[in-house]
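The next block is data.pdb, given as PDB, N, CA and C atoms and all ligand atoms.
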ATOM      1  N   MET T1086     -50.095 -45.388  21.668
ATOM      2  CA  MET T1086     -50.448 -44.517  22.808
ATOM      3  C   MET T1086     -49.953 -43.105  22.534
ATOM      4  N   GLU T1087     -50.863 -42.150  22.622
ATOM      5  CA  GLU T1087     -50.487 -40.763  22.395
ATOM      6  C   GLU T1087     -49.685 -40.256  23.586
ATOM      7  N   HIS T1088     -48.816 -39.329  23.309
ATOM      8  CA  HIS T1088     -48.063 -38.713  24.403
ATOM      9  C   HIS T1088     -47.867 -37.236  24.105
ATOM     10  N   ILE T1089     -47.515 -36.497  25.139
ATOM     11  CA  ILE T1089     -47.217 -35.080  24.977
ATOM     12  C   ILE T1089     -45.772 -34.965  24.524
ATOM     13  N   THR T1090     -45.549 -34.163  23.489
ATOM     14  CA  THR T1090     -44.201 -33.978  22.985
ATOM     15  C   THR T1090     -43.586 -32.727  23.607
ATOM     16  N   GLY T1091     -42.401 -32.882  24.160
ATOM     17  CA  GLY T1091     -41.648 -31.765  24.676
ATOM     18  C   GLY T1091     -40.413 -31.564  23.810
ATOM     19  N   TYR T1092     -39.716 -30.480  24.032
ATOM     20  CA  TYR T1092     -38.517 -30.163  23.252
ATOM     21  C   TYR T1092     -37.388 -29.819  24.197
ATOM     22  N   LYS T1093     -36.278 -30.534  24.034
ATOM     23  CA  LYS T1093     -35.112 -30.332  24.870
ATOM     24  C   LYS T1093     -34.010 -29.686  24.044
ATOM     25  N   CYS T1094     -33.242 -28.775  24.662
ATOM     26  CA  CYS T1094     -32.146 -28.096  23.972
ATOM     27  C   CYS T1094     -30.938 -29.025  23.893
ATOM     28  N   LYS T1095     -30.443 -29.228  22.673
ATOM     29  CA  LYS T1095     -29.294 -30.112  22.503
ATOM     30  C   LYS T1095     -27.982 -29.399  22.814
ATOM     31  N   ASP T1096     -28.028 -28.072  22.927
ATOM     32  CA  ASP T1096     -26.806 -27.316  23.206
ATOM     33  C   ASP T1096     -26.564 -27.146  24.708
ATOM     34  N   CYS T1097     -27.588 -26.701  25.445
ATOM     35  CA  CYS T1097     -27.367 -26.443  26.877
ATOM     36  C   CYS T1097     -28.130 -27.412  27.778
ATOM     37  N   GLY T1098     -28.965 -28.264  27.182
ATOM     38  CA  GLY T1098     -29.667 -29.266  27.989
ATOM     39  C   GLY T1098     -30.912 -28.759  28.677
ATOM     40  N   ALA T1099     -31.276 -27.502  28.462
ATOM     41  CA  ALA T1099     -32.464 -26.944  29.113
ATOM     42  C   ALA T1099     -33.729 -27.607  28.571
ATOM     43  N   GLY T1100     -34.760 -27.514  29.347
ATOM     44  CA  GLY T1100     -36.037 -28.064  28.923
ATOM     45  C   GLY T1100     -36.463 -29.212  29.801
ATOM     46  N   PRO T1101     -37.465 -29.995  29.436
ATOM     47  CA  PRO T1101     -38.198 -29.833  28.173
ATOM     48  C   PRO T1101     -39.149 -28.641  28.191
ATOM     49  N   PHE T1102     -39.322 -28.056  27.000
ATOM     50  CA  PHE T1102     -40.297 -26.990  26.795
ATOM     51  C   PHE T1102     -41.464 -27.582  26.034
ATOM     52  N   LEU T1103     -42.617 -26.940  26.179
ATOM     53  CA  LEU T1103     -43.767 -27.326  25.369
ATOM     54  C   LEU T1103     -43.874 -26.333  24.228
ATOM     55  N   MET T1104     -44.442 -26.757  23.115
ATOM     56  CA  MET T1104     -44.717 -25.827  22.038
ATOM     57  C   MET T1104     -45.774 -24.824  22.524
ATOM     58  N   PRO T1105     -45.880 -23.625  22.022
ATOM     59  CA  PRO T1105     -45.092 -23.125  20.905
ATOM     60  C   PRO T1105     -43.774 -22.505  21.370
ATOM     61  N   THR T1106     -42.688 -23.088  20.920
ATOM     62  CA  THR T1106     -41.391 -22.465  21.127
ATOM     63  C   THR T1106     -40.523 -22.829  19.936
ATOM     64  N   MET T1107     -39.822 -21.865  19.374
ATOM     65  CA  MET T1107     -38.982 -22.123  18.220
ATOM     66  C   MET T1107     -37.516 -22.182  18.630
ATOM     67  N   ALA T1108     -37.250 -21.821  19.884
ATOM     68  CA  ALA T1108     -35.864 -21.771  20.327
ATOM     69  C   ALA T1108     -35.795 -22.061  21.816
ATOM     70  N   CYS T1109     -34.632 -22.485  22.264
ATOM     71  CA  CYS T1109     -34.398 -22.737  23.679
ATOM     72  C   CYS T1109     -34.690 -21.471  24.477
ATOM     73  N   GLN T1110     -35.462 -21.613  25.557
ATOM     74  CA  GLN T1110     -35.824 -20.434  26.349
ATOM     75  C   GLN T1110     -34.662 -19.966  27.217
ATOM     76  N   LYS T1111     -33.612 -20.752  27.270
ATOM     77  CA  LYS T1111     -32.450 -20.377  28.084
ATOM     78  C   LYS T1111     -31.333 -19.771  27.230
ATOM     79  N   CYS T1112     -30.916 -20.496  26.170
ATOM     80  CA  CYS T1112     -29.773 -20.023  25.384
ATOM     81  C   CYS T1112     -30.175 -19.606  23.968
ATOM     82  N   HIS T1113     -31.464 -19.723  23.622
ATOM     83  CA  HIS T1113     -32.010 -19.317  22.317
ATOM     84  C   HIS T1113     -31.483 -20.148  21.155
ATOM     85  N   SER T1114     -30.855 -21.263  21.442
ATOM     86  CA  SER T1114     -30.460 -22.185  20.377
ATOM     87  C   SER T1114     -31.707 -22.746  19.707
ATOM     88  N   GLN T1115     -31.608 -23.017  18.399
ATOM     89  CA  GLN T1115     -32.732 -23.663  17.712
ATOM     90  C   GLN T1115     -32.454 -25.150  17.515
ATOM     91  N   ASN T1116     -31.424 -25.627  18.174
ATOM     92  CA  ASN T1116     -31.010 -27.018  18.090
ATOM     93  C   ASN T1116     -31.769 -27.832  19.137
ATOM     94  N   LEU T1117     -33.074 -28.046  18.858
ATOM     95  CA  LEU T1117     -33.937 -28.721  19.821
ATOM     96  C   LEU T1117     -34.224 -30.141  19.363
ATOM     97  N   GLU T1118     -34.415 -31.031  20.318
ATOM     98  CA  GLU T1118     -34.823 -32.391  19.973
ATOM     99  C   GLU T1118     -36.126 -32.730  20.688
ATOM    100  N   GLU T1119     -36.934 -33.549  20.010
ATOM    101  CA  GLU T1119     -38.211 -33.951  20.591
ATOM    102  C   GLU T1119     -37.996 -34.997  21.675
ATOM    103  N   VAL T1120     -38.744 -34.871  22.742
ATOM    104  CA  VAL T1120     -38.754 -35.902  23.783
ATOM    105  C   VAL T1120     -40.203 -36.210  24.135
ATOM    106  N   ALA T1121     -40.483 -37.476  24.411
ATOM    107  CA  ALA T1121     -41.830 -37.886  24.813
ATOM    108  C   ALA T1121     -41.960 -37.689  26.317
ATOM    109  N   LEU T1122     -42.981 -36.939  26.728
ATOM    110  CA  LEU T1122     -43.193 -36.704  28.150
ATOM    111  C   LEU T1122     -44.129 -37.770  28.720
ATOM    112  N   SER T1123     -44.018 -37.984  30.013
ATOM    113  CA  SER T1123     -44.751 -39.088  30.659
ATOM    114  C   SER T1123     -46.261 -38.863  30.664
ATOM    115  N   GLY T1124     -46.692 -37.596  30.660
ATOM    116  CA  GLY T1124     -48.119 -37.317  30.777
ATOM    117  C   GLY T1124     -48.595 -37.344  32.223
ATOM    118  N   ASN T1125     -47.667 -37.532  33.151
ATOM    119  CA  ASN T1125     -48.013 -37.514  34.575
ATOM    120  C   ASN T1125     -47.637 -36.163  35.168
ATOM    121  N   GLY T1126     -48.459 -35.718  36.103
ATOM    122  CA  GLY T1126     -48.159 -34.443  36.744
ATOM    123  C   GLY T1126     -49.059 -34.217  37.935
ATOM    124  N   LYS T1127     -49.153 -32.931  38.303
ATOM    125  CA  LYS T1127     -50.016 -32.580  39.437
ATOM    126  C   LYS T1127     -50.609 -31.203  39.174
ATOM    127  N   ILE T1128     -51.674 -30.909  39.903
ATOM    128  CA  ILE T1128     -52.334 -29.619  39.731
ATOM    129  C   ILE T1128     -51.526 -28.550  40.456
ATOM    130  N   HIS T1129     -51.120 -27.536  39.697
ATOM    131  CA  HIS T1129     -50.371 -26.420  40.283
ATOM    132  C   HIS T1129     -51.334 -25.379  40.835
ATOM    133  N   THR T1130     -52.356 -25.054  40.062
ATOM    134  CA  THR T1130     -53.413 -24.161  40.516
ATOM    135  C   THR T1130     -54.646 -24.446  39.676
ATOM    136  N   PHE T1131     -55.812 -24.099  40.183
ATOM    137  CA  PHE T1131     -57.024 -24.414  39.416
ATOM    138  C   PHE T1131     -58.160 -23.474  39.784
ATOM    139  N   THR T1132     -59.165 -23.470  38.934
ATOM    140  CA  THR T1132     -60.405 -22.770  39.226
ATOM    141  C   THR T1132     -61.539 -23.662  38.741
ATOM    142  N   ILE T1133     -62.644 -23.638  39.451
ATOM    143  CA  ILE T1133     -63.798 -24.421  39.027
ATOM    144  C   ILE T1133     -64.712 -23.517  38.197
ATOM    145  N   VAL T1134     -64.974 -23.939  36.978
ATOM    146  CA  VAL T1134     -65.825 -23.164  36.074
ATOM    147  C   VAL T1134     -67.254 -23.697  36.176
ATOM    148  N   HIS T1135     -68.172 -22.830  36.611
ATOM    149  CA  HIS T1135     -69.570 -23.246  36.776
ATOM    150  C   HIS T1135     -70.429 -22.857  35.581
ATOM    151  N   ALA T1136     -70.106 -21.737  34.959
ATOM    152  CA  ALA T1136     -70.883 -21.265  33.808
ATOM    153  C   ALA T1136     -69.983 -21.273  32.582
ATOM    154  N   ALA T1137     -70.196 -22.240  31.707
ATOM    155  CA  ALA T1137     -69.348 -22.383  30.533
ATOM    156  C   ALA T1137     -70.175 -22.164  29.274
ATOM    157  N   PHE T1138     -69.480 -21.976  28.174
ATOM    158  CA  PHE T1138     -70.151 -21.684  26.911
ATOM    159  C   PHE T1138     -69.691 -22.652  25.835
ATOM    160  N   GLY T1139     -70.450 -22.705  24.760
ATOM    161  CA  GLY T1139     -70.066 -23.499  23.599
ATOM    162  C   GLY T1139     -69.933 -24.969  23.932
ATOM    163  N   SER T1140     -68.874 -25.573  23.425
ATOM    164  CA  SER T1140     -68.703 -27.025  23.559
ATOM    165  C   SER T1140     -68.432 -27.440  25.000
ATOM    166  N   LEU T1141     -68.058 -26.469  25.855
ATOM    167  CA  LEU T1141     -67.751 -26.801  27.246
ATOM    168  C   LEU T1141     -68.986 -26.735  28.140
ATOM    169  N   LYS T1142     -70.107 -26.240  27.582
ATOM    170  CA  LYS T1142     -71.305 -25.994  28.385
ATOM    171  C   LYS T1142     -71.749 -27.239  29.148
ATOM    172  N   GLU T1143     -71.769 -28.369  28.456
ATOM    173  CA  GLU T1143     -72.270 -29.581  29.103
ATOM    174  C   GLU T1143     -71.278 -30.185  30.087
ATOM    175  N   LYS T1144     -70.039 -29.722  30.067
ATOM    176  CA  LYS T1144     -69.033 -30.228  31.014
ATOM    177  C   LYS T1144     -69.134 -29.535  32.373
ATOM    178  N   ALA T1145     -69.691 -28.335  32.431
ATOM    179  CA  ALA T1145     -69.674 -27.535  33.653
ATOM    180  C   ALA T1145     -70.471 -28.222  34.768
ATOM    181  N   PRO T1146     -70.069 -28.135  36.045
ATOM    182  CA  PRO T1146     -68.823 -27.485  36.458
ATOM    183  C   PRO T1146     -67.604 -28.368  36.171
ATOM    184  N   TYR T1147     -66.536 -27.736  35.713
ATOM    185  CA  TYR T1147     -65.320 -28.496  35.436
ATOM    186  C   TYR T1147     -64.104 -27.762  36.008
ATOM    187  N   ALA T1148     -62.996 -28.487  36.102
ATOM    188  CA  ALA T1148     -61.785 -27.952  36.719
ATOM    189  C   ALA T1148     -60.829 -27.464  35.636
ATOM    190  N   LEU T1149     -60.685 -26.138  35.558
ATOM    191  CA  LEU T1149     -59.707 -25.526  34.658
ATOM    192  C   LEU T1149     -58.420 -25.379  35.464
ATOM    193  N   CYS T1150     -57.367 -26.043  35.018
ATOM    194  CA  CYS T1150     -56.179 -26.180  35.858
ATOM    195  C   CYS T1150     -54.905 -25.786  35.124
ATOM    196  N   ILE T1151     -53.931 -25.319  35.893
ATOM    197  CA  ILE T1151     -52.565 -25.296  35.394
ATOM    198  C   ILE T1151     -51.913 -26.551  35.950
ATOM    199  N   VAL T1152     -51.591 -27.463  35.052
ATOM    200  CA  VAL T1152     -50.980 -28.728  35.425
ATOM    201  C   VAL T1152     -49.469 -28.600  35.278
ATOM    202  N   GLU T1153     -48.762 -29.028  36.310
ATOM    203  CA  GLU T1153     -47.303 -29.086  36.227
ATOM    204  C   GLU T1153     -46.917 -30.519  35.933
ATOM    205  N   LEU T1154     -46.295 -30.718  34.776
ATOM    206  CA  LEU T1154     -45.882 -32.065  34.396
ATOM    207  C   LEU T1154     -44.700 -32.505  35.242
ATOM    208  N   GLN T1155     -44.558 -33.805  35.371
ATOM    209  CA  GLN T1155     -43.443 -34.401  36.120
ATOM    210  C   GLN T1155     -42.101 -33.831  35.653
ATOM    211  N   GLU T1156     -41.991 -33.580  34.340
ATOM    212  CA  GLU T1156     -40.731 -33.093  33.770
ATOM    213  C   GLU T1156     -40.546 -31.583  33.936
ATOM    214  N   GLY T1157     -41.547 -30.884  34.487
ATOM    215  CA  GLY T1157     -41.357 -29.463  34.778
ATOM    216  C   GLY T1157     -42.281 -28.473  34.089
ATOM    217  N   PRO T1158     -42.528 -28.629  32.772
ATOM    218  CA  PRO T1158     -43.347 -27.605  32.118
ATOM    219  C   PRO T1158     -44.788 -27.592  32.621
ATOM    220  N   ARG T1159     -45.417 -26.423  32.537
ATOM    221  CA  ARG T1159     -46.799 -26.259  32.981
ATOM    222  C   ARG T1159     -47.684 -25.946  31.790
ATOM    223  N   LEU T1160     -48.933 -26.383  31.853
ATOM    224  CA  LEU T1160     -49.872 -26.038  30.802
ATOM    225  C   LEU T1160     -51.267 -25.842  31.369
ATOM    226  N   LEU T1161     -52.016 -24.997  30.687
ATOM    227  CA  LEU T1161     -53.400 -24.727  31.054
ATOM    228  C   LEU T1161     -54.276 -25.776  30.392
ATOM    229  N   THR T1162     -55.091 -26.461  31.179
ATOM    230  CA  THR T1162     -55.888 -27.543  30.621
ATOM    231  C   THR T1162     -57.102 -27.814  31.498
ATOM    232  N   ILE T1163     -57.869 -28.811  31.103
ATOM    233  CA  ILE T1163     -59.021 -29.256  31.879
ATOM    234  C   ILE T1163     -58.687 -30.621  32.470
ATOM    235  N   VAL T1164     -59.047 -30.800  33.747
ATOM    236  CA  VAL T1164     -58.874 -32.108  34.388
ATOM    237  C   VAL T1164     -60.261 -32.700  34.607
ATOM    238  N   GLU T1165     -60.480 -33.865  34.023
ATOM    239  CA  GLU T1165     -61.767 -34.551  34.134
ATOM    240  C   GLU T1165     -61.693 -35.643  35.193
ATOM    241  N   ASP T1166     -62.850 -36.188  35.529
ATOM    242  CA  ASP T1166     -62.945 -37.312  36.467
ATOM    243  C   ASP T1166     -62.356 -36.987  37.838
ATOM    244  N   VAL T1167     -62.579 -35.758  38.292
ATOM    245  CA  VAL T1167     -62.200 -35.398  39.660
ATOM    246  C   VAL T1167     -63.438 -34.794  40.325
ATOM    247  N   ASN T1168     -63.461 -34.844  41.635
ATOM    248  CA  ASN T1168     -64.558 -34.250  42.388
ATOM    249  C   ASN T1168     -64.280 -32.754  42.546
ATOM    250  N   VAL T1169     -65.051 -31.920  41.842
ATOM    251  CA  VAL T1169     -64.782 -30.480  41.861
ATOM    252  C   VAL T1169     -65.083 -29.863  43.232
ATOM    253  N   GLU T1170     -65.809 -30.598  44.089
ATOM    254  CA  GLU T1170     -66.115 -30.095  45.432
ATOM    255  C   GLU T1170     -64.906 -30.194  46.359
ATOM    256  N   THR T1171     -64.089 -31.207  46.140
ATOM    257  CA  THR T1171     -63.009 -31.493  47.098
ATOM    258  C   THR T1171     -61.615 -31.369  46.487
ATOM    259  N   LEU T1172     -61.536 -30.893  45.241
ATOM    260  CA  LEU T1172     -60.249 -30.821  44.557
ATOM    261  C   LEU T1172     -59.270 -29.900  45.285
ATOM    262  N   LYS T1173     -57.997 -30.314  45.306
ATOM    263  CA  LYS T1173     -56.956 -29.516  45.957
ATOM    264  C   LYS T1173     -55.739 -29.414  45.034
ATOM    265  N   VAL T1174     -54.928 -28.376  45.268
ATOM    266  CA  VAL T1174     -53.671 -28.290  44.532
ATOM    267  C   VAL T1174     -52.806 -29.491  44.928
ATOM    268  N   GLU T1175     -51.879 -29.852  44.053
ATOM    269  CA  GLU T1175     -50.999 -31.017  44.226
ATOM    270  C   GLU T1175     -51.709 -32.322  43.869
ATOM    271  N   HIS T1176     -52.987 -32.262  43.533
ATOM    272  CA  HIS T1176     -53.696 -33.491  43.169
ATOM    273  C   HIS T1176     -53.016 -34.121  41.963
ATOM    274  N   PRO T1177     -52.660 -35.416  42.022
ATOM    275  CA  PRO T1177     -51.981 -36.049  40.883
ATOM    276  C   PRO T1177     -52.923 -36.227  39.694
ATOM    277  N   VAL T1178     -52.389 -36.011  38.521
ATOM    278  CA  VAL T1178     -53.173 -36.154  37.288
ATOM    279  C   VAL T1178     -52.344 -36.889  36.241
ATOM    280  N   ARG T1179     -53.052 -37.409  35.231
ATOM    281  CA  ARG T1179     -52.350 -37.992  34.092
ATOM    282  C   ARG T1179     -53.120 -37.709  32.809
ATOM    283  N   LEU T1180     -52.413 -37.807  31.702
ATOM    284  CA  LEU T1180     -53.005 -37.528  30.401
ATOM    285  C   LEU T1180     -54.169 -38.464  30.137
ATOM    286  N   LYS T1181     -55.288 -37.909  29.657
ATOM    287  CA  LYS T1181     -56.443 -38.740  29.317
ATOM    288  C   LYS T1181     -56.577 -38.868  27.799
ATOM    289  N   TYR T1182     -56.630 -37.745  27.105
ATOM    290  CA  TYR T1182     -56.745 -37.748  25.645
ATOM    291  C   TYR T1182     -56.439 -36.367  25.106
ATOM    292  N   PHE T1183     -56.352 -36.265  23.785
ATOM    293  CA  PHE T1183     -56.199 -34.966  23.133
ATOM    294  C   PHE T1183     -57.545 -34.582  22.528
ATOM    295  N   ASN T1184     -57.977 -33.345  22.757
ATOM    296  CA  ASN T1184     -59.267 -32.926  22.201
ATOM    297  C   ASN T1184     -59.120 -32.498  20.738
ATOM    298  N   GLU T1185     -60.212 -31.976  20.164
ATOM    299  CA  GLU T1185     -60.218 -31.639  18.731
ATOM    300  C   GLU T1185     -59.170 -30.592  18.382
ATOM    301  N   GLU T1186     -58.834 -29.735  19.350
ATOM    302  CA  GLU T1186     -57.802 -28.711  19.093
ATOM    303  C   GLU T1186     -56.405 -29.216  19.452
ATOM    304  N   LYS T1187     -56.272 -30.529  19.665
ATOM    305  CA  LYS T1187     -54.994 -31.154  20.025
ATOM    306  C   LYS T1187     -54.469 -30.694  21.380
ATOM    307  N   ILE T1188     -55.393 -30.232  22.239
ATOM    308  CA  ILE T1188     -55.021 -29.840  23.596
ATOM    309  C   ILE T1188     -55.062 -31.107  24.453
ATOM    310  N   PRO T1189     -54.004 -31.387  25.207
ATOM    311  CA  PRO T1189     -54.063 -32.554  26.082
ATOM    312  C   PRO T1189     -55.020 -32.313  27.254
ATOM    313  N   ILE T1190     -55.958 -33.236  27.441
ATOM    314  CA  ILE T1190     -56.916 -33.174  28.547
ATOM    315  C   ILE T1190     -56.496 -34.233  29.572
ATOM    316  N   PHE T1191     -56.552 -33.853  30.846
ATOM    317  CA  PHE T1191     -56.065 -34.733  31.904
ATOM    318  C   PHE T1191     -57.213 -35.315  32.709
ATOM    319  N   GLN T1192     -56.868 -36.292  33.532
ATOM    320  CA  GLN T1192     -57.828 -36.860  34.479
ATOM    321  C   GLN T1192     -57.120 -37.073  35.810
ATOM    322  N   GLY T1193     -57.905 -37.165  36.848
ATOM    323  CA  GLY T1193     -57.350 -37.431  38.171
ATOM    324  C   GLY T1193     -56.641 -38.769  38.168
ATOM    325  N   ALA T1194     -55.497 -38.858  38.827
ATOM    326  CA  ALA T1194     -54.735 -40.118  38.853
ATOM    327  C   ALA T1194     -54.848 -40.745  40.245
TER     328      ALA T1194
HETATM  329 ZN    ZN J1201     -30.323 -24.073  25.291
END
Show how you would write the structure in this file as structure tokens.
Amino acid sequence: MEHITGYKCKDCGAGPFLMPTMACQKCHSQNLEEVALSGNGKIHTFTIVHAAFGSLKEKAPYALCIVELQEGPRLLTIVEDVNVETLKVEHPVRLKYFNEEKIPIFQGA
């Protein structure tokens, strides 16, 4: 089962952070350890994209969201399998798969 990898600071305990980060965002230590994140979260904010281009064209309309993971970090992603007419912030989501660019794509939970 694939999971999202986060990085926790072994010096001050801050995190988890998502890549790209080479150092702790709090104390700038490079003494980071990998942690597996749950892949569960909720929608922090979103926009519905009606006119898309390229590989996303056939997905439109789709929900482009900032997802806040249970562990704290936020990421910009797409949430699939939700009703774009009735979607609201705080909607629970979970990891669905990683796309070709290794971006985690979510689905409604
Ligand atoms: Zn630190």
Adding 3 Å on each side of the box along x, y and z that holds all listed atoms of stretch 1143-1150 of chain T, could you give its centre and edge lengths in Å to one decimal, as AutoDock Vina command-line options?
--center_x -63.6 --center_y -27.8 --center_z 32.6 --size_x 23.4 --size_y 10.8 --size_z 14.3
- Item | Residue IDs satisfying the PyMOL selection byres (((chain T and resi 1179 and name CA) around 8) and not hetatm and name CA), as a ChimeraX atom specification | /T:1124-1127,1177-1178,1180-1181,1191-1194
Export, as a JSON list (two decimals), keeping the file's coordinate frame, the selected residues with N, CA and C atoms.
[["chain", "number", "residue", "atom", "x", "y", "z"],
["T", 1124, "GLY", "N", -46.69, -37.60, 30.66],
["T", 1124, "GLY", "CA", -48.12, -37.32, 30.78],
["T", 1124, "GLY", "C", -48.60, -37.34, 32.22],
["T", 1125, "ASN", "N", -47.67, -37.53, 33.15],
["T", 1125, "ASN", "CA", -48.01, -37.51, 34.58],
["T", 1125, "ASN", "C", -47.64, -36.16, 35.17],
["T", 1126, "GLY", "N", -48.46, -35.72, 36.10],
["T", 1126, "GLY", "CA", -48.16, -34.44, 36.74],
["T", 1126, "GLY", "C", -49.06, -34.22, 37.94],
["T", 1127, "LYS", "N", -49.15, -32.93, 38.30],
["T", 1127, "LYS", "CA", -50.02, -32.58, 39.44],
["T", 1127, "LYS", "C", -50.61, -31.20, 39.17],
["T", 1177, "PRO", "N", -52.66, -35.42, 42.02],
["T", 1177, "PRO", "CA", -51.98, -36.05, 40.88],
["T", 1177, "PRO", "C", -52.92, -36.23, 39.69],
["T", 1178, "VAL", "N", -52.39, -36.01, 38.52],
["T", 1178, "VAL", "CA", -53.17, -36.15, 37.29],
["T", 1178, "VAL", "C", -52.34, -36.89, 36.24],
["T", 1180, "LEU", "N", -52.41, -37.81, 31.70],
["T", 1180, "LEU", "CA", -53.00, -37.53, 30.40],
["T", 1180, "LEU", "C", -54.17, -38.46, 30.14],
["T", 1181, "LYS", "N", -55.29, -37.91, 29.66],
["T", 1181, "LYS", "CA", -56.44, -38.74, 29.32],
["T", 1181, "LYS", "C", -56.58, -38.87, 27.80],
["T", 1191, "PHE", "N", -56.55, -33.85, 30.85],
["T", 1191, "PHE", "CA", -56.06, -34.73, 31.90],
["T", 1191, "PHE", "C", -57.21, -35.32, 32.71],
["T", 1192, "GLN", "N", -56.87, -36.29, 33.53],
["T", 1192, "GLN", "CA", -57.83, -36.86, 34.48],
["T", 1192, "GLN", "C", -57.12, -37.07, 35.81],
["T", 1193, "GLY", "N", -57.90, -37.16, 36.85],
["T", 1193, "GLY", "CA", -57.35, -37.43, 38.17],
["T", 1193, "GLY", "C", -56.64, -38.77, 38.17],
["T", 1194, "ALA", "N", -55.50, -38.86, 38.83],
["T", 1194, "ALA", "CA", -54.74, -40.12, 38.85],
["T", 1194, "ALA", "C", -54.85, -40.74, 40.24]]
- Contacts of stretch 1158-1169 of chain T at 12 Å or less, counting only C-alpha atoms, minus same-chain residues fewer than 5 places along, as a ChimeraX atom specification? /T:1089-1093,1099-1105,1110,1122-1135,1141,1144-1153,1174,1176-1184,1186-1194
- as a PyMOL selection string, please: all residues of chain T that backbone DSSP puts in strand (DSSP E or B). chain T and resi 1089-1094+1102+1117-1122+1125-1134+1147-1154+1159-1165+1177-1183+1189-1193
- Surrounding residues as a PyMOL selection string, ligand ZN 1201 (chain J), max 8 Å, only C-alpha atoms and all ligand atoms: chain T and resi 1093-1100+1108-1116
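A straight line drawn from atom C of T:Thr1171 to atom C of T:His1088 is 26.9 Å long.
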- Task: Apply DSSP to the backbone of this structure and, from chain T, keep only the residues in helix (DSSP H, G or I); write these as a ChimeraX atom specification.
- Result: /T:1139-1144
